[in-house]
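Asks: This is run.cif (mmCIF, C-alpha atoms and all ligand atoms).
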data_structure
loop_
_atom_site.label_atom_id
_atom_site.label_comp_id
_atom_site.auth_asym_id
_atom_site.auth_seq_id
_atom_site.Cartn_x
_atom_site.Cartn_y
_atom_site.Cartn_z
CA MET A 239 -10.82 7.96 -7.38
CA ALA A 240 -14.04 7.88 -5.36
CA TYR A 241 -13.68 9.94 -2.20
CA ARG A 242 -14.81 8.16 0.99
CA ARG A 243 -13.53 10.52 3.72
CA ILE A 244 -13.88 13.95 2.15
CA GLU A 245 -16.29 15.82 -0.10
CA VAL A 246 -14.81 17.77 -3.00
CA ASP A 247 -16.70 20.68 -4.53
CA PRO A 248 -14.94 22.23 -7.57
CA LEU A 249 -14.95 26.04 -7.88
CA THR A 250 -14.36 26.35 -11.63
CA PRO A 251 -13.62 23.80 -14.35
CA ALA A 252 -10.10 25.27 -14.55
CA ILE A 253 -8.89 25.25 -10.96
CA GLY A 254 -9.86 25.08 -7.30
CA ALA A 255 -12.05 22.89 -5.10
CA GLU A 256 -13.48 23.25 -1.62
CA ILE A 257 -12.96 20.25 0.65
CA GLN A 258 -15.35 19.28 3.44
CA GLY A 259 -15.37 16.53 6.03
CA VAL A 260 -11.94 16.89 7.61
CA ASP A 261 -10.57 18.45 10.81
CA LEU A 262 -7.00 19.51 10.05
CA SER A 263 -6.13 20.05 13.71
CA ARG A 264 -5.96 16.25 14.13
CA PRO A 265 -3.40 13.85 12.62
CA LEU A 266 -4.56 12.60 9.21
CA ASP A 267 -4.98 8.86 8.67
CA ASP A 268 -3.50 7.51 5.44
CA GLN A 269 -6.84 7.25 3.62
CA THR A 270 -7.78 10.87 4.35
CA TYR A 271 -4.26 12.06 3.50
CA GLY A 272 -4.44 10.14 0.19
CA GLU A 273 -7.79 11.66 -0.72
CA ILE A 274 -6.65 15.20 0.08
CA HIS A 275 -3.49 14.67 -1.97
CA GLU A 276 -5.52 13.30 -4.87
CA ALA A 277 -7.92 16.27 -4.80
CA TRP A 278 -4.96 18.67 -4.54
CA MET A 279 -3.18 17.22 -7.57
CA LYS A 280 -6.43 17.29 -9.58
CA HIS A 281 -7.63 20.79 -8.67
CA LEU A 282 -4.21 22.51 -7.98
CA VAL A 283 -5.59 24.57 -5.12
CA ILE A 284 -7.93 23.26 -2.45
CA PHE A 285 -9.79 25.15 0.26
CA PHE A 286 -10.92 24.22 3.75
CA ARG A 287 -13.25 26.19 6.02
CA ASP A 288 -13.33 26.67 9.81
CA GLN A 289 -9.85 25.33 10.58
CA ASP A 290 -8.71 27.19 13.70
CA LEU A 291 -5.21 25.69 13.89
CA THR A 292 -2.38 26.51 16.27
CA LEU A 293 0.97 27.18 14.60
CA ASP A 294 2.12 23.69 15.62
CA GLN A 295 -0.99 22.04 14.16
CA HIS A 296 -0.54 24.05 10.98
CA LYS A 297 3.08 22.91 10.70
CA ALA A 298 2.13 19.28 11.45
CA PHE A 299 -0.43 19.35 8.62
CA GLY A 300 2.19 20.82 6.25
CA ARG A 301 4.77 18.19 7.24
CA ARG A 302 2.36 15.46 6.11
CA PHE A 303 3.19 16.64 2.57
CA GLY A 304 6.93 17.16 2.97
CA ALA A 305 9.68 18.99 4.84
CA LEU A 306 8.92 22.65 5.56
CA HIS A 307 10.60 25.51 3.72
CA ILE A 308 12.15 28.49 5.49
CA HIS A 309 11.67 31.79 3.67
CA PRO A 310 14.94 33.37 2.44
CA ALA A 311 13.94 36.88 3.56
CA ALA A 312 10.90 37.05 5.85
CA PRO A 313 11.32 36.43 9.58
CA GLY A 314 8.86 34.02 11.23
CA PRO A 315 7.21 34.49 14.63
CA GLU A 316 9.45 33.74 17.65
CA GLY A 317 10.26 29.99 17.67
CA HIS A 318 8.57 29.34 14.31
CA PRO A 319 11.00 30.08 11.46
CA GLU A 320 8.88 27.88 9.13
CA ILE A 321 5.89 30.21 9.45
CA PHE A 322 5.52 32.98 6.89
CA VAL A 323 3.42 35.85 8.22
CA VAL A 324 0.89 37.45 5.89
CA HIS A 325 -0.21 40.80 7.29
CA THR A 326 -1.51 43.98 5.67
CA ASP A 327 -3.06 46.94 7.48
CA LYS A 328 -3.69 50.65 6.98
CA ASP A 329 0.00 51.51 7.39
CA SER A 330 1.40 48.80 5.12
CA THR A 331 3.70 49.87 2.31
CA PHE A 332 3.33 46.55 0.50
CA SER A 333 1.09 43.50 0.69
CA GLU A 334 2.46 39.96 0.37
CA GLY A 335 1.52 38.29 -2.91
CA ASN A 336 -0.14 41.34 -4.50
CA GLY A 337 0.81 40.30 -8.07
CA TRP A 338 0.86 37.05 -10.05
CA HIS A 339 3.53 34.70 -8.76
CA SER A 340 4.56 31.24 -7.69
CA ASP A 341 6.12 31.27 -4.22
CA VAL A 342 9.90 31.78 -4.04
CA SER A 343 10.54 30.51 -7.59
CA CYS A 344 14.00 32.11 -7.27
CA ASP A 345 15.08 29.18 -5.05
CA ALA A 346 17.12 26.43 -6.76
CA GLU A 347 14.50 24.02 -5.43
CA PRO A 348 11.35 26.16 -5.17
CA PRO A 349 8.59 25.23 -2.72
CA MET A 350 6.12 22.71 -4.09
CA GLY A 351 3.17 23.80 -2.00
CA SER A 352 1.90 26.52 0.32
CA ILE A 353 -0.80 26.31 2.98
CA LEU A 354 -2.25 29.64 4.08
CA ARG A 355 -4.73 30.21 6.93
CA LEU A 356 -6.21 33.65 7.46
CA HIS A 357 -7.52 34.67 10.88
CA THR A 358 -8.28 38.38 10.32
CA LEU A 359 -10.18 39.62 7.31
CA PRO A 360 -11.75 42.77 5.94
CA ALA A 361 -15.56 42.69 5.62
CA THR A 362 -15.14 42.53 1.85
CA GLY A 363 -12.14 42.25 -0.44
CA GLY A 364 -8.84 40.49 0.09
CA ASP A 365 -9.75 37.56 -2.19
CA THR A 366 -7.00 35.41 -3.67
CA LEU A 367 -6.99 34.53 -7.38
CA PHE A 368 -5.40 31.35 -8.71
CA CYS A 369 -4.33 30.41 -12.25
CA ASN A 370 -3.84 26.95 -13.77
CA THR A 371 -0.57 27.05 -15.72
CA TYR A 372 -1.08 23.58 -17.22
CA LEU A 373 -3.91 25.19 -19.20
CA VAL A 374 -1.69 28.09 -20.22
CA TYR A 375 0.71 25.52 -21.72
CA ASP A 376 -2.02 23.32 -23.22
CA ASN A 377 -3.51 26.24 -25.15
CA LEU A 378 -0.26 27.30 -26.83
CA SER A 379 0.24 26.32 -30.49
CA ALA A 380 2.44 23.30 -31.22
CA SER A 381 5.24 25.46 -32.67
CA MET A 382 5.16 27.87 -29.70
CA LYS A 383 5.40 24.89 -27.34
CA THR A 384 8.42 23.56 -29.23
CA HIS A 385 10.12 26.97 -29.14
CA LEU A 386 9.49 27.51 -25.41
CA GLU A 387 10.55 24.02 -24.41
CA GLY A 388 14.15 24.80 -25.30
CA LEU A 389 14.35 27.89 -23.08
CA THR A 390 15.69 28.54 -19.60
CA ALA A 391 14.08 31.23 -17.44
CA ILE A 392 16.00 33.30 -14.91
CA HIS A 393 14.29 33.81 -11.54
CA GLU A 394 15.61 36.35 -9.00
CA GLY A 395 14.69 37.32 -5.45
CA GLU A 396 16.70 40.54 -5.24
CA GLN A 397 14.11 42.92 -6.75
CA ILE A 398 11.39 41.57 -4.44
CA PHE A 399 13.14 40.98 -1.15
CA ARG A 400 15.86 43.65 -0.77
CA GLY A 401 14.91 45.88 2.18
CA ARG A 402 11.38 44.50 2.33
CA TYR A 403 11.47 43.44 5.98
CA ALA A 404 13.59 46.32 7.31
CA GLU A 405 10.73 47.56 9.50
CA GLU A 406 10.70 44.16 11.17
CA GLY A 407 14.36 44.53 12.05
CA VAL A 408 15.87 42.60 9.14
CA ASP A 409 19.18 44.08 8.02
CA ASP A 410 19.96 42.41 4.69
CA SER A 411 23.04 44.44 3.78
CA GLY A 412 25.67 42.01 2.52
CA LYS A 413 23.08 39.28 1.98
CA ASN A 414 22.67 37.63 -1.43
CA TYR A 415 19.13 36.66 -2.35
CA PRO A 416 18.56 33.50 -4.39
CA ARG A 417 18.81 33.45 -8.17
CA ALA A 418 18.01 30.33 -10.17
CA GLU A 419 17.65 29.10 -13.73
CA HIS A 420 14.67 26.83 -14.43
CA PRO A 421 13.20 25.33 -17.60
CA LEU A 422 10.55 27.71 -18.91
CA ILE A 423 8.27 24.71 -19.43
CA ARG A 424 8.41 22.26 -16.55
CA THR A 425 6.98 18.78 -16.13
CA HIS A 426 5.07 18.16 -12.92
CA PRO A 427 6.74 15.32 -10.99
CA VAL A 428 3.44 13.80 -9.83
CA THR A 429 1.02 14.28 -12.73
CA GLY A 430 3.57 14.18 -15.58
CA ARG A 431 1.79 17.17 -17.18
CA LYS A 432 3.67 20.14 -18.65
CA CYS A 433 3.07 23.71 -17.54
CA VAL A 434 4.46 27.21 -18.03
CA TYR A 435 6.83 28.11 -15.20
CA VAL A 436 7.52 31.86 -15.33
CA ASN A 437 5.92 34.55 -13.19
CA GLN A 438 5.77 38.34 -13.00
CA ALA A 439 7.34 38.64 -9.56
CA PHE A 440 10.49 36.56 -9.89
CA THR A 441 11.20 35.87 -13.59
CA THR A 442 13.55 38.52 -14.95
CA GLY A 443 14.84 37.06 -18.22
CA ILE A 444 15.40 34.13 -20.54
CA LYS A 445 18.94 32.86 -20.85
CA GLU A 446 18.93 32.04 -24.57
CA LEU A 447 17.23 35.29 -25.74
CA ARG A 448 18.20 38.94 -26.03
CA TYR A 449 16.65 41.23 -23.42
CA THR A 450 13.90 42.64 -25.69
CA GLU A 451 13.09 39.20 -27.11
CA ALA A 452 12.80 37.78 -23.61
CA ARG A 453 10.58 40.70 -22.54
CA SER A 454 8.15 40.02 -25.39
CA VAL A 455 7.96 36.30 -24.67
CA LEU A 456 7.53 36.84 -20.94
CA ASP A 457 4.92 39.58 -21.41
CA TYR A 458 2.94 37.27 -23.69
CA LEU A 459 3.01 34.45 -21.14
CA PHE A 460 2.17 36.80 -18.23
CA GLU A 461 -0.88 37.98 -20.20
CA GLN A 462 -2.02 34.36 -20.57
CA VAL A 463 -1.80 33.87 -16.80
CA GLU A 464 -4.11 36.89 -16.41
CA ARG A 465 -6.88 35.32 -18.54
CA PRO A 466 -9.95 34.64 -16.36
CA LYS A 467 -10.73 31.34 -18.09
CA TYR A 468 -7.69 29.75 -16.43
CA GLN A 469 -8.59 31.05 -12.97
CA CYS A 470 -10.70 30.86 -9.86
CA ARG A 471 -11.15 33.49 -7.18
CA PHE A 472 -11.42 32.50 -3.53
CA ARG A 473 -13.43 34.48 -0.98
CA TRP A 474 -11.93 33.98 2.46
CA ARG A 475 -13.71 33.60 5.78
CA LYS A 476 -12.04 33.60 9.20
CA HIS A 477 -9.98 30.37 9.57
CA SER A 478 -10.27 29.35 5.93
CA ILE A 479 -7.24 27.58 4.51
CA ALA A 480 -6.02 27.63 0.91
CA MET A 481 -3.43 25.06 -0.13
CA TRP A 482 -1.87 25.52 -3.56
CA ASP A 483 0.61 23.68 -5.76
CA ASN A 484 3.33 26.18 -6.73
CA ARG A 485 4.57 23.95 -9.55
CA CYS A 486 1.49 24.30 -11.76
CA ALA A 487 -0.48 27.20 -10.25
CA GLN A 488 0.13 30.88 -9.65
CA HIS A 489 -1.75 33.17 -7.30
CA TYR A 490 -2.52 36.84 -6.74
CA ALA A 491 -3.55 38.25 -3.36
CA MET A 492 -5.87 41.17 -4.09
CA TRP A 493 -5.08 44.29 -2.01
CA ASP A 494 -8.34 46.19 -2.40
CA TYR A 495 -9.28 46.64 1.28
CA ARG A 496 -7.17 49.52 2.58
CA PRO A 497 -7.48 50.77 5.37
CA HIS A 498 -8.64 47.40 6.74
CA THR A 499 -6.51 44.56 8.07
CA ARG A 500 -5.96 41.09 6.61
CA SER A 501 -3.69 38.62 8.45
CA GLY A 502 -2.71 35.00 8.65
CA PHE A 503 0.04 32.43 8.58
CA ARG A 504 1.49 30.35 5.77
CA VAL A 505 3.37 27.08 5.95
CA THR A 506 5.37 26.28 2.83
CA VAL A 507 6.43 22.78 1.74
CA LYS A 508 9.83 22.23 0.12
CA GLY A 509 9.98 21.16 -3.50
CA ASP A 510 12.55 19.78 -5.92
CA LYS A 511 14.52 21.12 -8.86
CA PRO A 512 12.15 21.86 -11.75
CA GLN A 513 12.61 19.45 -14.70
C1 LIG B 601 1.05 34.61 -0.64
O1 LIG B 601 1.53 34.90 -1.72
O2 LIG B 601 1.41 33.65 0.00
C2 LIG B 601 -0.08 35.44 -0.09
C3 LIG B 601 -1.39 34.93 -0.58
C4 LIG B 601 -2.55 35.62 0.07
O3 LIG B 601 -2.35 36.40 1.01
O4 LIG B 601 -3.68 35.38 -0.34
#
So that I can check it, write out the structure of this file as structure tokens.
Replies:
Amino acid sequence: MAYRRIEVDPLTPAIGAEIQGVDLSRPLDDQTYGEIHEAWMKHLVIFFRDQDLTLDQHKAFGRRFGALHIHPAAPGPEGHPEIFVVHTDKDSTFSEGNGWHSDVSCDAEPPMGSILRLHTLPATGGDTLFCNTYLVYDNLSASMKTHLEGLTAIHEGEQIFRGRYAEEGVDDSGKNYPRAEHPLIRTHPVTGRKCVYVNQAFTTGIKELRYTEARSVLDYLFEQVERPKYQCRFRWRKHSIAMWDNRCAQHYAMWDYRPHTRSGFRVTVKGDKPQ
């Protein structure tokens, strides 16, 4: 597709492109929406600069791509349950996304996309890394692909979410966090391409394998996700936006800026059951 409304500047051959020529605070016409969607599906994560959106504008942009997801554990700002707050400062005991993952893959229907805007940044550090998991699949041997295609991965929220938001007043005693079983290799509903769908944060086992067998398979796949040739690394500026496809990409928010502060808001778009 030739782009007429936007400019698309790829970051690496593997993944990522910066988009210019659009103001996301305004409603998108169908042509511009179509071009952004096309670039997103091609590059898996796309980046915009200088987008100082209100929470309502941010949500309206997200809704162009689908209904918004509400996080199973994290509270949103007053009146905005669809907003996921990303905030790390000198007193933080954890930092959101500081490990390879795909957002909330423990949901039965995990989010298809996430749109993050950062408004407060350290002078250096706090980059986000992204990995293309189509390429992880493509580079497996034929017999490994056949073996993995018959497997079901177990994804759990418990080990991540339990007690995590207690300081924000969330009492989760008696609450059950999501647990789901998804095909270890999934087919993307838009592109038809296959990708590896397991991640270090949420995937705890493989249904058909013994514990130690599953550990070896998962560790091997997690190592592939860590290979730089499948990745890009995004350097944020104030009011940058990153928009990633959780079905075929994973991300890692680098926490290397203590004692400085990094903050923003994420809108997450609902997805469907992995096939
Ligand atoms: C997240 O996992 O949504 C956080 C990503 C980031 O802060 O870069």
Asks: Just want the residues within 10 Å of ligand LIG 601 (chain B), written as number ranges by chain, counting all atoms listed in the file.
Replies: A: 322-326, 333-342, 352-356, 364-368, 472-474, 479-482, 488-493, 500-506
Asks: Between atom CA of Ile253 of chain A and atom CA of Ile444 of chain A, what is the distance, to one decimal in Å?
Replies: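 Interatomic distance here is 27.6 Å.
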Asks: Suppose you want the space between atom CA of Ala240 of chain A and atom CA of Val283 of chain A; what is it in Å?
Replies: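 Rounded to one decimal, the two atoms are 18.7 Å apart.
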Asks: Can you work out which one of A:Ile284, A:Arg431, A:Asp290, A:Glu464 has the shortest atom-to-atom distance to Thr358 of chain A, counting only C-alpha atoms?
Replies: A:Asp290
Asks: I'd like to know which of A:Tyr372, A:Tyr415, A:Ser379, A:His498 is closest to Val463 of chain A, using all atoms listed in the file.
Replies: A:Tyr372
Asks: Which distance in Å separates atom CA of Ile423 of chain A and atom CA of Lys445 of chain A, to one decimal?
Replies: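 Pair atom CA of Ile423 of chain A / atom CA of Lys445 of chain A returns 13.5 Å.
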Asks: From the options A:Gln513, A:Gln295, A:Thr270, A:Thr450, which residue's atoms come nearest to Glu419 of chain A, counting all atoms listed in the file?
Replies: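 Looking only at the distances to Glu419 of chain A, the closest residue turns out to be A:Gln513.
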Asks: Could you tell me which of A:His357, A:Arg402, A:His420, A:Lys413 comes closest to Pro313 of chain A if we count all atoms listed in the file?
Replies: A:Arg402
Asks: Nearest to Gly259 of chain A: which of A:Ser381, A:Gln462, A:Met239, A:Asp288 is it, counting all atoms listed in the file?
Replies: A:Asp288
Asks: Write out as a list in words which residues come within 7 Å of segment 394-400 of chain A when counting all atoms listed in the file, dropping same-chain ones fewer than 2 positions away.
Replies: Ala311, Cys344, Ile392, Arg402, Asp410, Tyr415, Pro416, Arg417, Ala418, Phe440, Thr441 and Thr442 of chain A
Asks: Which residues come within 12 Å of Gly443 of chain A, counting all atoms listed in the file, excluding same-chain residues fewer than 3 positions away, as a ChimeraX atom specification?
Replies: /A:389-394,417-422,436-440,446-457
Asks: With a distance cut-off of 9 Å and only C-alpha atoms, select the neighbouring residues of Arg264 of chain A, excluding the residue or stretch itself and same-chain residues fewer than 2 positions from it, and output the selection as a PyMOL selection string.
Replies: chain A and resi 260-262+266+295+299
Asks: Do a neighbour search on Lys328 of chain A at 8 Å with only C-alpha atoms, toss out local chain neighbours closer than 6 positions, and write the hits as an NGL selection string.
Replies: :A and (496-499)
Asks: Given the selection you just returned, output its residues as a file containing C-alpha atoms, formatted as a CSV table (one decimal), in the coordinates of the input.
Replies:
chain,number,residue,atom,x,y,z
A,496,ARG,CA,-7.2,49.5,2.6
A,497,PRO,CA,-7.5,50.8,5.4
A,498,HIS,CA,-8.6,47.4,6.7
A,499,THR,CA,-6.5,44.6,8.1
Asks: List the spatial neighbours of Arg242 of chain A as a list in words - criterion: any atom at most 12 Å away, all atoms listed in the file, same-chain residues fewer than 4 positions off excluded.
Replies: Val246, Gln258, Gly259, Val260, Gln269, Thr270, Tyr271, Gly272, Glu273 and Ile274 of chain A
